[in-house]
>>> print(open('model-v7.csv').read())   # CSV, N, CA and C atoms
chain,number,residue,atom,x,y,z
A,9,MET,N,16.1,-31.7,3.7
A,9,MET,CA,15.8,-30.6,2.8
A,9,MET,C,15.5,-29.3,3.5
A,10,LEU,N,14.9,-29.4,4.6
A,10,LEU,CA,14.6,-28.2,5.4
A,10,LEU,C,15.9,-27.5,5.8
A,11,ARG,N,16.9,-28.3,6.3
A,11,ARG,CA,18.2,-27.7,6.7
A,11,ARG,C,18.9,-27.1,5.5
A,12,TYR,N,18.7,-27.7,4.4
A,12,TYR,CA,19.4,-27.3,3.1
A,12,TYR,C,19.0,-25.8,2.8
A,13,PHE,N,17.6,-25.6,2.7
A,13,PHE,CA,17.1,-24.3,2.4
A,13,PHE,C,17.4,-23.3,3.5
A,14,PHE,N,17.3,-23.7,4.7
A,14,PHE,CA,17.6,-22.8,5.8
A,14,PHE,C,19.1,-22.4,5.8
A,15,SER,N,19.9,-23.3,5.5
A,15,SER,CA,21.4,-23.0,5.4
A,15,SER,C,21.6,-22.0,4.2
A,16,LEU,N,20.9,-22.2,3.1
A,16,LEU,CA,21.1,-21.3,2.0
A,16,LEU,C,20.6,-19.9,2.4
A,17,GLY,N,19.6,-19.8,3.1
A,17,GLY,CA,19.1,-18.5,3.6
A,17,GLY,C,20.1,-17.8,4.5
A,18,LEU,N,20.7,-18.6,5.4
A,18,LEU,CA,21.7,-18.1,6.3
A,18,LEU,C,23.0,-17.7,5.5
A,19,ALA,N,23.3,-18.5,4.5
A,19,ALA,CA,24.5,-18.1,3.6
A,19,ALA,C,24.3,-16.8,3.0
A,20,GLY,N,23.0,-16.4,2.7
A,20,GLY,CA,22.8,-15.1,2.1
A,20,GLY,C,22.8,-13.9,3.1
A,21,ILE,N,22.5,-14.3,4.4
A,21,ILE,CA,22.4,-13.2,5.4
A,21,ILE,C,23.7,-13.0,6.2
A,22,LEU,N,24.3,-14.0,6.6
A,22,LEU,CA,25.5,-13.9,7.5
A,22,LEU,C,26.6,-13.1,6.9
A,23,PRO,N,26.9,-13.2,5.6
A,23,PRO,CA,28.0,-12.2,5.1
A,23,PRO,C,27.6,-10.8,5.2
A,24,ILE,N,26.3,-10.5,5.1
A,24,ILE,CA,25.8,-9.1,5.1
A,24,ILE,C,26.0,-8.5,6.5
A,25,LEU,N,25.9,-9.4,7.6
A,25,LEU,CA,26.1,-8.9,8.9
A,25,LEU,C,27.5,-8.4,9.2
A,26,THR,N,28.5,-8.9,8.4
A,26,THR,CA,29.9,-8.5,8.6
A,26,THR,C,30.3,-7.3,7.8
A,27,THR,N,29.5,-6.8,6.9
A,27,THR,CA,29.9,-5.7,6.1
A,27,THR,C,29.3,-4.4,6.6
A,28,MET,N,29.8,-3.3,6.1
A,28,MET,CA,29.3,-2.0,6.4
A,28,MET,C,28.0,-1.6,5.6
A,29,ASP,N,27.9,-2.2,4.4
A,29,ASP,CA,26.8,-1.9,3.5
A,29,ASP,C,25.7,-2.9,3.8
A,30,GLN,N,24.8,-2.6,4.7
A,30,GLN,CA,23.7,-3.5,5.0
A,30,GLN,C,22.4,-3.0,4.4
A,31,SER,N,22.3,-3.1,3.1
A,31,SER,CA,21.1,-2.7,2.4
A,31,SER,C,20.1,-3.8,2.4
A,32,THR,N,18.8,-3.5,2.3
A,32,THR,CA,17.7,-4.5,2.4
A,32,THR,C,17.7,-5.3,1.1
A,33,TYR,N,18.1,-4.8,0.0
A,33,TYR,CA,18.0,-5.5,-1.3
A,33,TYR,C,19.0,-6.7,-1.2
A,34,PHE,N,20.0,-6.7,-0.4
A,34,PHE,CA,20.8,-7.9,-0.3
A,34,PHE,C,20.1,-9.0,0.5
A,35,LEU,N,19.3,-8.6,1.5
A,35,LEU,CA,18.5,-9.5,2.3
A,35,LEU,C,17.4,-10.1,1.5
A,36,LEU,N,16.9,-9.4,0.5
A,36,LEU,CA,15.7,-9.9,-0.2
A,36,LEU,C,16.1,-11.2,-1.0
A,37,LEU,N,17.3,-11.4,-1.4
A,37,LEU,CA,17.7,-12.6,-2.1
A,37,LEU,C,17.6,-13.8,-1.3
A,38,SER,N,17.8,-13.7,0.0
A,38,SER,CA,17.7,-14.9,0.9
A,38,SER,C,16.4,-15.2,1.4
A,39,LEU,N,15.4,-14.3,1.4
A,39,LEU,CA,14.1,-14.5,1.9
A,39,LEU,C,13.3,-15.7,1.3
A,40,PRO,N,13.4,-15.9,0.0
A,40,PRO,CA,12.7,-17.1,-0.6
A,40,PRO,C,13.2,-18.4,0.1
A,41,PHE,N,14.5,-18.5,0.4
A,41,PHE,CA,15.0,-19.8,1.0
A,41,PHE,C,14.4,-20.0,2.4
A,42,PHE,N,14.3,-18.9,3.1
A,42,PHE,CA,13.7,-19.0,4.5
A,42,PHE,C,12.2,-19.3,4.3
A,43,ALA,N,11.5,-18.8,3.3
A,43,ALA,CA,10.1,-19.1,3.1
A,43,ALA,C,9.9,-20.6,2.8
A,44,ILE,N,10.8,-21.1,1.9
A,44,ILE,CA,10.7,-22.5,1.6
A,44,ILE,C,11.0,-23.4,2.8
A,45,SER,N,12.0,-23.0,3.6
A,45,SER,CA,12.3,-23.8,4.8
A,45,SER,C,11.1,-23.7,5.8
A,46,PHE,N,10.5,-22.6,5.9
A,46,PHE,CA,9.3,-22.5,6.8
A,46,PHE,C,8.2,-23.3,6.3
A,47,GLY,N,7.9,-23.3,4.9
A,47,GLY,CA,6.9,-24.1,4.3
A,47,GLY,C,7.1,-25.6,4.6
A,48,LEU,N,8.4,-26.0,4.4
A,48,LEU,CA,8.7,-27.4,4.7
A,48,LEU,C,8.5,-27.8,6.2
A,49,MET,N,8.7,-26.8,7.0
A,49,MET,CA,8.6,-27.1,8.5
A,49,MET,C,7.1,-27.2,8.9
A,50,VAL,N,6.2,-26.4,8.3
A,50,VAL,CA,4.8,-26.5,8.7
A,50,VAL,C,4.0,-27.5,7.8
A,51,ASN,N,4.6,-28.0,6.8
A,51,ASN,CA,3.9,-28.9,5.9
A,51,ASN,C,3.2,-30.1,6.5
A,52,PRO,N,3.9,-30.8,7.5
A,52,PRO,CA,3.2,-32.0,8.1
A,52,PRO,C,1.9,-31.5,8.9
A,53,SER,N,1.9,-30.4,9.6
A,53,SER,CA,0.8,-30.0,10.3
A,53,SER,C,-0.4,-29.6,9.4
A,54,VAL,N,0.0,-28.9,8.3
A,54,VAL,CA,-1.0,-28.5,7.3
A,54,VAL,C,-1.7,-29.7,6.6
A,55,GLU,N,-0.8,-30.7,6.3
A,55,GLU,CA,-1.4,-31.9,5.7
A,55,GLU,C,-2.4,-32.6,6.6
A,56,ILE,N,-2.1,-32.6,7.9
A,56,ILE,CA,-3.0,-33.3,8.9
A,56,ILE,C,-4.3,-32.5,8.9
A,57,LEU,N,-4.3,-31.2,8.9
A,57,LEU,CA,-5.5,-30.4,8.9
A,57,LEU,C,-6.3,-30.6,7.6
A,58,LEU,N,-5.6,-30.6,6.4
A,58,LEU,CA,-6.3,-30.8,5.2
A,58,LEU,C,-6.9,-32.2,5.1
A,59,ASP,N,-6.3,-33.2,5.7
A,59,ASP,CA,-6.9,-34.5,5.7
A,59,ASP,C,-8.2,-34.6,6.6
A,60,ARG,N,-8.3,-33.7,7.5
A,60,ARG,CA,-9.5,-33.7,8.4
A,60,ARG,C,-10.7,-32.9,7.8
A,61,ILE,N,-10.5,-32.3,6.7
A,61,ILE,CA,-11.6,-31.5,6.1
A,61,ILE,C,-12.6,-32.5,5.4
A,62,ASP,N,-13.8,-32.3,5.6
A,62,ASP,CA,-14.9,-33.0,4.9
A,62,ASP,C,-15.4,-32.2,3.8
A,63,TYR,N,-14.9,-32.6,2.6
A,63,TYR,CA,-15.2,-31.8,1.4
A,63,TYR,C,-16.7,-31.8,1.0
A,64,ASN,N,-17.5,-32.7,1.6
A,64,ASN,CA,-18.9,-32.8,1.2
A,64,ASN,C,-19.8,-32.1,2.2
A,65,SER,N,-19.2,-31.5,3.2
A,65,SER,CA,-20.0,-30.9,4.3
A,65,SER,C,-20.6,-29.5,3.8
A,66,ASN,N,-21.7,-29.1,4.5
A,66,ASN,CA,-22.3,-27.8,4.1
A,66,ASN,C,-21.3,-26.6,4.5
A,67,GLY,N,-20.6,-26.8,5.6
A,67,GLY,CA,-19.7,-25.7,5.9
A,67,GLY,C,-18.6,-25.5,4.9
A,68,TYR,N,-18.1,-26.5,4.3
A,68,TYR,CA,-17.1,-26.4,3.2
A,68,TYR,C,-17.7,-25.8,2.0
A,69,ARG,N,-18.9,-26.2,1.7
A,69,ARG,CA,-19.6,-25.6,0.5
A,69,ARG,C,-19.8,-24.1,0.7
A,70,LEU,N,-20.2,-23.7,1.9
A,70,LEU,CA,-20.4,-22.3,2.2
A,70,LEU,C,-19.1,-21.5,2.1
A,71,PHE,N,-18.0,-22.1,2.7
A,71,PHE,CA,-16.7,-21.5,2.7
A,71,PHE,C,-16.3,-21.3,1.2
A,72,LYS,N,-16.5,-22.3,0.4
A,72,LYS,CA,-16.1,-22.2,-1.0
A,72,LYS,C,-16.9,-21.1,-1.8
A,73,ILE,N,-18.2,-21.1,-1.5
A,73,ILE,CA,-19.0,-20.1,-2.2
A,73,ILE,C,-18.6,-18.7,-1.7
A,74,PHE,N,-18.4,-18.5,-0.4
A,74,PHE,CA,-18.0,-17.2,0.1
A,74,PHE,C,-16.6,-16.8,-0.5
A,75,GLY,N,-15.7,-17.7,-0.6
A,75,GLY,CA,-14.4,-17.4,-1.2
A,75,GLY,C,-14.5,-17.0,-2.6
A,76,VAL,N,-15.3,-17.7,-3.4
A,76,VAL,CA,-15.5,-17.3,-4.8
A,76,VAL,C,-16.1,-15.9,-4.9
A,77,MET,N,-17.1,-15.7,-4.1
A,77,MET,CA,-17.8,-14.4,-4.1
A,77,MET,C,-16.9,-13.2,-3.7
A,78,ALA,N,-16.0,-13.5,-2.6
A,78,ALA,CA,-15.1,-12.4,-2.2
A,78,ALA,C,-14.0,-12.1,-3.3
A,79,LEU,N,-13.5,-13.2,-3.9
A,79,LEU,CA,-12.6,-13.0,-5.0
A,79,LEU,C,-13.2,-12.2,-6.2
A,80,SER,N,-14.4,-12.6,-6.5
A,80,SER,CA,-15.1,-11.9,-7.6
A,80,SER,C,-15.4,-10.5,-7.3
A,81,ALA,N,-15.8,-10.2,-6.1
A,81,ALA,CA,-16.1,-8.8,-5.6
A,81,ALA,C,-14.8,-8.0,-5.7
A,82,GLY,N,-13.7,-8.6,-5.2
A,82,GLY,CA,-12.4,-7.9,-5.3
A,82,GLY,C,-12.0,-7.5,-6.7
A,83,ILE,N,-12.2,-8.4,-7.6
A,83,ILE,CA,-11.8,-8.2,-9.0
A,83,ILE,C,-12.7,-7.1,-9.6
A,84,ILE,N,-14.0,-7.3,-9.4
A,84,ILE,CA,-15.0,-6.3,-10.0
A,84,ILE,C,-14.8,-4.9,-9.4
A,85,LEU,N,-14.6,-4.8,-8.1
A,85,LEU,CA,-14.3,-3.5,-7.5
A,85,LEU,C,-13.0,-2.9,-8.0
A,86,SER,N,-12.0,-3.7,-8.2
A,86,SER,CA,-10.7,-3.1,-8.7
A,86,SER,C,-10.9,-2.6,-10.1
A,87,VAL,N,-11.6,-3.3,-10.9
A,87,VAL,CA,-11.8,-2.8,-12.3
A,87,VAL,C,-12.7,-1.6,-12.3
A,88,TYR,N,-13.7,-1.6,-11.5
A,88,TYR,CA,-14.7,-0.5,-11.4
A,88,TYR,C,-14.0,0.8,-11.0
A,89,PHE,N,-13.1,0.7,-10.0
A,89,PHE,CA,-12.5,1.9,-9.4
A,89,PHE,C,-11.1,2.2,-10.0
A,90,SER,N,-10.8,1.5,-11.1
A,90,SER,CA,-9.4,1.7,-11.6
A,90,SER,C,-9.1,3.1,-12.2
A,91,GLY,N,-10.1,3.7,-12.7
A,91,GLY,CA,-9.9,5.1,-13.3
A,91,GLY,C,-10.2,6.2,-12.4
A,92,ASP,N,-10.7,5.9,-11.2
A,92,ASP,CA,-11.2,6.9,-10.2
A,92,ASP,C,-10.0,7.4,-9.4
A,93,ILE,N,-9.9,8.8,-9.3
A,93,ILE,CA,-8.8,9.4,-8.5
A,93,ILE,C,-9.5,10.1,-7.4
A,94,ASN,N,-9.4,9.6,-6.2
A,94,ASN,CA,-10.0,10.3,-5.0
A,94,ASN,C,-8.9,10.9,-4.2
A,95,ARG,N,-7.8,10.2,-4.1
A,95,ARG,CA,-6.7,10.6,-3.2
A,95,ARG,C,-5.9,11.6,-4.0
A,96,ASP,N,-5.5,12.7,-3.3
A,96,ASP,CA,-4.6,13.7,-3.9
A,96,ASP,C,-5.2,14.4,-5.1
A,97,ASN,N,-6.5,14.5,-5.2
A,97,ASN,CA,-7.1,15.0,-6.5
A,97,ASN,C,-6.6,16.5,-6.8
A,98,ASN,N,-6.6,17.3,-5.7
A,98,ASN,CA,-6.1,18.7,-5.9
A,98,ASN,C,-4.6,18.8,-6.3
A,99,LYS,N,-3.8,17.9,-5.7
A,99,LYS,CA,-2.4,17.9,-5.9
A,99,LYS,C,-2.2,17.4,-7.4
A,100,LEU,N,-2.9,16.5,-7.9
A,100,LEU,CA,-2.8,16.0,-9.2
A,100,LEU,C,-3.2,17.0,-10.3
A,101,LYS,N,-4.2,17.8,-10.0
A,101,LYS,CA,-4.6,18.9,-10.9
A,101,LYS,C,-3.6,19.9,-11.0
A,102,ASP,N,-3.0,20.4,-9.9
A,102,ASP,CA,-1.9,21.4,-9.9
A,102,ASP,C,-0.7,20.8,-10.6
A,103,MET,N,-0.4,19.6,-10.3
A,103,MET,CA,0.8,18.9,-10.9
A,103,MET,C,0.7,18.9,-12.4
A,104,ARG,N,-0.5,18.5,-12.9
A,104,ARG,CA,-0.7,18.5,-14.4
A,104,ARG,C,-0.6,19.8,-15.1
A,105,LEU,N,-1.0,20.9,-14.4
A,105,LEU,CA,-0.8,22.2,-14.9
A,105,LEU,C,0.7,22.6,-15.0
A,106,ILE,N,1.4,22.2,-14.0
A,106,ILE,CA,2.8,22.5,-13.9
A,106,ILE,C,3.6,21.7,-14.9
A,107,MET,N,3.2,20.4,-15.0
A,107,MET,CA,3.9,19.5,-16.0
A,107,MET,C,3.7,19.9,-17.4
A,108,GLY,N,2.6,20.6,-17.7
A,108,GLY,CA,2.4,21.0,-19.1
A,108,GLY,C,3.5,22.0,-19.5
A,109,GLN,N,4.1,22.7,-18.6
A,109,GLN,CA,5.2,23.7,-18.9
A,109,GLN,C,6.6,23.1,-18.9
A,110,LEU,N,6.7,21.8,-18.5
A,110,LEU,CA,8.0,21.2,-18.3
A,110,LEU,C,8.4,20.2,-19.3
A,111,LYS,N,9.7,20.0,-19.5
A,111,LYS,CA,10.2,18.9,-20.4
A,111,LYS,C,10.4,17.7,-19.5
A,112,GLU,N,10.3,16.6,-20.2
A,112,GLU,CA,10.6,15.3,-19.6
A,112,GLU,C,12.0,15.2,-19.1
A,113,ASN,N,12.3,14.5,-18.0
A,113,ASN,CA,13.6,14.3,-17.4
A,113,ASN,C,14.3,15.6,-16.9
A,114,SER,N,13.5,16.5,-16.5
A,114,SER,CA,14.0,17.8,-15.9
A,114,SER,C,14.0,17.8,-14.4
A,115,THR,N,14.6,18.8,-13.8
A,115,THR,CA,14.6,18.9,-12.4
A,115,THR,C,14.0,20.3,-12.0
A,116,ILE,N,13.1,20.3,-11.1
A,116,ILE,CA,12.6,21.6,-10.6
A,116,ILE,C,12.9,21.8,-9.2
A,117,SER,N,12.9,23.1,-8.8
A,117,SER,CA,13.1,23.5,-7.4
A,117,SER,C,11.8,23.5,-6.6
A,118,ILE,N,11.8,23.0,-5.4
A,118,ILE,CA,10.7,23.1,-4.6
A,118,ILE,C,11.1,23.7,-3.2
A,119,LEU,N,10.1,24.0,-2.4
A,119,LEU,CA,10.3,24.5,-1.1
A,119,LEU,C,10.8,23.4,-0.2
A,120,PRO,N,11.7,23.7,0.7
A,120,PRO,CA,12.2,22.6,1.6
A,120,PRO,C,11.1,21.9,2.4
A,121,GLU,N,10.0,22.7,2.7
A,121,GLU,CA,8.9,22.0,3.4
A,121,GLU,C,8.2,21.0,2.6
A,122,MET,N,8.3,21.1,1.3
A,122,MET,CA,7.6,20.1,0.4
A,122,MET,C,8.5,18.9,0.1
A,123,TYR,N,9.7,18.9,0.5
A,123,TYR,CA,10.7,17.9,0.1
A,123,TYR,C,10.2,16.5,0.7
A,124,GLU,N,9.6,16.5,1.8
A,124,GLU,CA,9.3,15.2,2.4
A,124,GLU,C,7.9,14.7,2.0
A,125,ASP,N,7.3,15.4,1.1
A,125,ASP,CA,6.0,14.9,0.5
A,125,ASP,C,6.3,13.9,-0.6
A,126,TRP,N,6.4,12.6,-0.2
A,126,TRP,CA,6.9,11.6,-1.0
A,126,TRP,C,5.9,11.3,-2.2
A,127,SER,N,4.6,11.5,-1.9
A,127,SER,CA,3.7,11.2,-3.0
A,127,SER,C,3.9,12.2,-4.2
A,128,LEU,N,4.3,13.5,-3.8
A,128,LEU,CA,4.6,14.5,-4.8
A,128,LEU,C,5.8,14.0,-5.7
A,129,HIS,N,6.8,13.5,-5.0
A,129,HIS,CA,8.0,13.0,-5.8
A,129,HIS,C,7.6,11.8,-6.7
A,130,THR,N,6.8,10.9,-6.2
A,130,THR,CA,6.4,9.8,-7.1
A,130,THR,C,5.5,10.2,-8.2
A,131,TYR,N,4.6,11.1,-8.0
A,131,TYR,CA,3.8,11.5,-9.1
A,131,TYR,C,4.6,12.2,-10.2
A,132,TYR,N,5.5,13.1,-9.9
A,132,TYR,CA,6.3,13.7,-10.9
A,132,TYR,C,7.2,12.7,-11.6
A,133,ALA,N,7.8,11.8,-10.8
A,133,ALA,CA,8.6,10.8,-11.4
A,133,ALA,C,7.8,9.8,-12.3
A,134,ARG,N,6.6,9.5,-12.0
A,134,ARG,CA,5.8,8.6,-12.7
A,134,ARG,C,5.4,9.2,-14.1
A,135,TYR,N,4.9,10.4,-14.1
A,135,TYR,CA,4.3,10.9,-15.3
A,135,TYR,C,5.3,11.6,-16.3
A,136,LYS,N,6.4,12.2,-15.8
A,136,LYS,CA,7.3,12.8,-16.7
A,136,LYS,C,8.8,12.6,-16.3
A,137,ASN,N,9.0,11.8,-15.3
A,137,ASN,CA,10.4,11.5,-14.8
A,137,ASN,C,11.1,12.9,-14.4
A,138,ILE,N,10.3,13.7,-13.7
A,138,ILE,CA,10.8,15.0,-13.2
A,138,ILE,C,11.3,14.8,-11.8
A,139,SER,N,12.5,15.3,-11.5
A,139,SER,CA,13.1,15.3,-10.2
A,139,SER,C,12.8,16.6,-9.4
A,140,LEU,N,12.6,16.4,-8.1
A,140,LEU,CA,12.3,17.6,-7.3
A,140,LEU,C,13.5,17.8,-6.4
A,141,ASP,N,14.0,19.1,-6.4
A,141,ASP,CA,15.1,19.4,-5.6
A,141,ASP,C,14.8,20.6,-4.7
A,142,PRO,N,15.0,20.5,-3.4
A,142,PRO,CA,14.7,21.6,-2.5
A,142,PRO,C,15.6,22.8,-2.8
A,143,ASP,N,15.0,24.0,-2.7
A,143,ASP,CA,15.7,25.2,-3.0
A,143,ASP,C,16.7,25.5,-1.9
A,144,SER,N,18.0,25.3,-2.1
A,144,SER,CA,19.0,25.5,-1.1
A,144,SER,C,19.1,26.9,-0.6
A,145,GLU,N,18.7,27.9,-1.3
A,145,GLU,CA,18.8,29.3,-0.9
A,145,GLU,C,17.8,29.6,0.2
A,146,GLN,N,16.7,28.9,0.3
A,146,GLN,CA,15.7,29.2,1.2
A,146,GLN,C,15.8,28.3,2.5
A,147,GLN,N,16.7,27.4,2.5
A,147,GLN,CA,16.9,26.6,3.7
A,147,GLN,C,17.5,27.4,4.9
A,148,THR,N,17.1,27.1,6.1
A,148,THR,CA,17.6,27.8,7.3
A,148,THR,C,18.4,26.8,8.1
>>> encode(input="model-v7.csv", output="structure tokens")
Amino acid sequence: MLRYFFSLGLAGILPILTTMDQSTYFLLLSLPFFAISFGLMVNPSVEILLDRIDYNSNGYRLFKIFGVMALSAGIILSVYFSGDINRDNNKLKDMRLIMGQLKENSTISILPEMYEDWSLHTYYARYKNISLDPDSEQQT
């Protein structure tokens, strides 16, 4: 079974190595097969470790309580901070003023220095599907 899934993963990768178009999205389709084959490979070792756990010990109870508390804290903090904008607050304020004057699916010109500000691109694309194009007249 291990060889089967590993072979399927290789069947997805090896043809990509021979082509000129080596995009990562082609590779992504074969990664689950490698993950399954890796899981099958480490499964016997993990089963041995799981058999050695004493589920009635104080250490296991502490581990379980800590895990539940950490998961609960993560969920509570995510919900609590979900509407809070701390990062790029000034950029978002400026962007909202500009977007009030623009139509959806439009393209605006930006300075070439601003072109590599990828968060700016994503904010405009997320809120109004606006594309940013560097002003070709100002490029040197």
>>> select_by_dssp(input="model-v7.csv", residues="stretch 82-135 of chain A", states="helix (DSSP H, G or I)", output="PyMOL selection string")
chain A and resi 82-88+97-107+120-122+126-135
>>> write_last_selection(input="model-v7.csv", atoms="N, CA and C atoms", output="mmCIF file, in the frame of the given file")
data_model
loop_
_atom_site.group_PDB
_atom_site.id
_atom_site.type_symbol
_atom_site.label_atom_id
_atom_site.label_comp_id
_atom_site.auth_asym_id
_atom_site.auth_seq_id
_atom_site.Cartn_x
_atom_site.Cartn_y
_atom_site.Cartn_z
ATOM 1 N N GLY A 82 -13.700 -8.600 -5.200
ATOM 2 C CA GLY A 82 -12.400 -7.900 -5.300
ATOM 3 C C GLY A 82 -12.000 -7.500 -6.700
ATOM 4 N N ILE A 83 -12.200 -8.400 -7.600
ATOM 5 C CA ILE A 83 -11.800 -8.200 -9.000
ATOM 6 C C ILE A 83 -12.700 -7.100 -9.600
ATOM 7 N N ILE A 84 -14.000 -7.300 -9.400
ATOM 8 C CA ILE A 84 -15.000 -6.300 -10.000
ATOM 9 C C ILE A 84 -14.800 -4.900 -9.400
ATOM 10 N N LEU A 85 -14.600 -4.800 -8.100
ATOM 11 C CA LEU A 85 -14.300 -3.500 -7.500
ATOM 12 C C LEU A 85 -13.000 -2.900 -8.000
ATOM 13 N N SER A 86 -12.000 -3.700 -8.200
ATOM 14 C CA SER A 86 -10.700 -3.100 -8.700
ATOM 15 C C SER A 86 -10.900 -2.600 -10.100
ATOM 16 N N VAL A 87 -11.600 -3.300 -10.900
ATOM 17 C CA VAL A 87 -11.800 -2.800 -12.300
ATOM 18 C C VAL A 87 -12.700 -1.600 -12.300
ATOM 19 N N TYR A 88 -13.700 -1.600 -11.500
ATOM 20 C CA TYR A 88 -14.700 -0.500 -11.400
ATOM 21 C C TYR A 88 -14.000 0.800 -11.000
ATOM 22 N N ASN A 97 -6.500 14.500 -5.200
ATOM 23 C CA ASN A 97 -7.100 15.000 -6.500
ATOM 24 C C ASN A 97 -6.600 16.500 -6.800
ATOM 25 N N ASN A 98 -6.600 17.300 -5.700
ATOM 26 C CA ASN A 98 -6.100 18.700 -5.900
ATOM 27 C C ASN A 98 -4.600 18.800 -6.300
ATOM 28 N N LYS A 99 -3.800 17.900 -5.700
ATOM 29 C CA LYS A 99 -2.400 17.900 -5.900
ATOM 30 C C LYS A 99 -2.200 17.400 -7.400
ATOM 31 N N LEU A 100 -2.900 16.500 -7.900
ATOM 32 C CA LEU A 100 -2.800 16.000 -9.200
ATOM 33 C C LEU A 100 -3.200 17.000 -10.300
ATOM 34 N N LYS A 101 -4.200 17.800 -10.000
ATOM 35 C CA LYS A 101 -4.600 18.900 -10.900
ATOM 36 C C LYS A 101 -3.600 19.900 -11.000
ATOM 37 N N ASP A 102 -3.000 20.400 -9.900
ATOM 38 C CA ASP A 102 -1.900 21.400 -9.900
ATOM 39 C C ASP A 102 -0.700 20.800 -10.600
ATOM 40 N N MET A 103 -0.400 19.600 -10.300
ATOM 41 C CA MET A 103 0.800 18.900 -10.900
ATOM 42 C C MET A 103 0.700 18.900 -12.400
ATOM 43 N N ARG A 104 -0.500 18.500 -12.900
ATOM 44 C CA ARG A 104 -0.700 18.500 -14.400
ATOM 45 C C ARG A 104 -0.600 19.800 -15.100
ATOM 46 N N LEU A 105 -1.000 20.900 -14.400
ATOM 47 C CA LEU A 105 -0.800 22.200 -14.900
ATOM 48 C C LEU A 105 0.700 22.600 -15.000
ATOM 49 N N ILE A 106 1.400 22.200 -14.000
ATOM 50 C CA ILE A 106 2.800 22.500 -13.900
ATOM 51 C C ILE A 106 3.600 21.700 -14.900
ATOM 52 N N MET A 107 3.200 20.400 -15.000
ATOM 53 C CA MET A 107 3.900 19.500 -16.000
ATOM 54 C C MET A 107 3.700 19.900 -17.400
ATOM 55 N N PRO A 120 11.700 23.700 0.700
ATOM 56 C CA PRO A 120 12.200 22.600 1.600
ATOM 57 C C PRO A 120 11.100 21.900 2.400
ATOM 58 N N GLU A 121 10.000 22.700 2.700
ATOM 59 C CA GLU A 121 8.900 22.000 3.400
ATOM 60 C C GLU A 121 8.200 21.000 2.600
ATOM 61 N N MET A 122 8.300 21.100 1.300
ATOM 62 C CA MET A 122 7.600 20.100 0.400
ATOM 63 C C MET A 122 8.500 18.900 0.100
ATOM 64 N N TRP A 126 6.400 12.600 -0.200
ATOM 65 C CA TRP A 126 6.900 11.600 -1.000
ATOM 66 C C TRP A 126 5.900 11.300 -2.200
ATOM 67 N N SER A 127 4.600 11.500 -1.900
ATOM 68 C CA SER A 127 3.700 11.200 -3.000
ATOM 69 C C SER A 127 3.900 12.200 -4.200
ATOM 70 N N LEU A 128 4.300 13.500 -3.800
ATOM 71 C CA LEU A 128 4.600 14.500 -4.800
ATOM 72 C C LEU A 128 5.800 14.000 -5.700
ATOM 73 N N HIS A 129 6.800 13.500 -5.000
ATOM 74 C CA HIS A 129 8.000 13.000 -5.800
ATOM 75 C C HIS A 129 7.600 11.800 -6.700
ATOM 76 N N THR A 130 6.800 10.900 -6.200
ATOM 77 C CA THR A 130 6.400 9.800 -7.100
ATOM 78 C C THR A 130 5.500 10.200 -8.200
ATOM 79 N N TYR A 131 4.600 11.100 -8.000
ATOM 80 C CA TYR A 131 3.800 11.500 -9.100
ATOM 81 C C TYR A 131 4.600 12.200 -10.200
ATOM 82 N N TYR A 132 5.500 13.100 -9.900
ATOM 83 C CA TYR A 132 6.300 13.700 -10.900
ATOM 84 C C TYR A 132 7.200 12.700 -11.600
ATOM 85 N N ALA A 133 7.800 11.800 -10.800
ATOM 86 C CA ALA A 133 8.600 10.800 -11.400
ATOM 87 C C ALA A 133 7.800 9.800 -12.300
ATOM 88 N N ARG A 134 6.600 9.500 -12.000
ATOM 89 C CA ARG A 134 5.800 8.600 -12.700
ATOM 90 C C ARG A 134 5.400 9.200 -14.100
ATOM 91 N N TYR A 135 4.900 10.400 -14.100
ATOM 92 C CA TYR A 135 4.300 10.900 -15.300
ATOM 93 C C TYR A 135 5.300 11.600 -16.300
#
>>> closest_residue(input="model-v7.csv", among="A:Ile84, A:Gly20, A:Asp59, A:Tyr135", to="A:Ser38", atoms="only C-alpha atoms")
A:Gly20
>>> closest_residue(input="model-v7.csv", among="A:Gly67, A:Ile21, A:Asn97, A:Leu140", to="A:Leu128", atoms="all atoms listed in the file")
A:Leu140
>>> atom_distance(input="model-v7.csv", atom1="atom N of A:Leu22", atom2="atom CA of A:Ile44")
16.8 Å
>>> atom_distance(input="model-v7.csv", atom1="atom C of A:Val50", atom2="atom N of A:Leu10")
11.5 Å
>>> select_by_dssp(input="model-v7.csv", residues="chain A", states="strand (DSSP E)", output="JSON, numbers by chain")
{"A": [115, 116, 117, 118, 139, 140, 141, 142]}
>>> atom_distance(input="model-v7.csv", atom1="atom CA of A:Leu119", atom2="atom C of A:Ile138")
14.5 Å
>>> closest_residue(input="model-v7.csv", among="A:Ala78, A:Leu110, A:Leu105, A:Met49", to="A:Met9", atoms="only C-alpha atoms")
A:Met49
>>> closest_residue(input="model-v7.csv", among="A:Asn94, A:Ser127, A:Asn137, A:Ser15", to="A:Ser114", atoms="only C-alpha atoms")
A:Asn137
>>> decode(input="model-v7.csv", residues="stretch 133-137 of chain A", atoms="N, CA and C atoms", output="mmCIF file, in the first residue's frame")
data_model
loop_
_atom_site.group_PDB
_atom_site.id
_atom_site.type_symbol
_atom_site.label_atom_id
_atom_site.label_comp_id
_atom_site.auth_asym_id
_atom_site.auth_seq_id
_atom_site.Cartn_x
_atom_site.Cartn_y
_atom_site.Cartn_z
ATOM 1 N N ALA A 133 -8.111 44.339 -3.992
ATOM 2 C CA ALA A 133 -8.778 43.230 -4.669
ATOM 3 C C ALA A 133 -9.873 42.629 -3.791
ATOM 4 N N ARG A 134 -9.649 42.577 -2.508
ATOM 5 C CA ARG A 134 -10.621 41.955 -1.598
ATOM 6 C C ARG A 134 -11.900 42.774 -1.490
ATOM 7 N N TYR A 135 -11.768 44.091 -1.363
ATOM 8 C CA TYR A 135 -12.942 44.891 -1.053
ATOM 9 C C TYR A 135 -13.732 45.346 -2.283
ATOM 10 N N LYS A 136 -13.076 45.635 -3.389
ATOM 11 C CA LYS A 136 -13.818 46.095 -4.571
ATOM 12 C C LYS A 136 -13.277 45.524 -5.873
ATOM 13 N N ASN A 137 -12.436 44.522 -5.797
ATOM 14 C CA ASN A 137 -11.844 43.901 -6.986
ATOM 15 C C ASN A 137 -11.193 44.957 -7.885
#
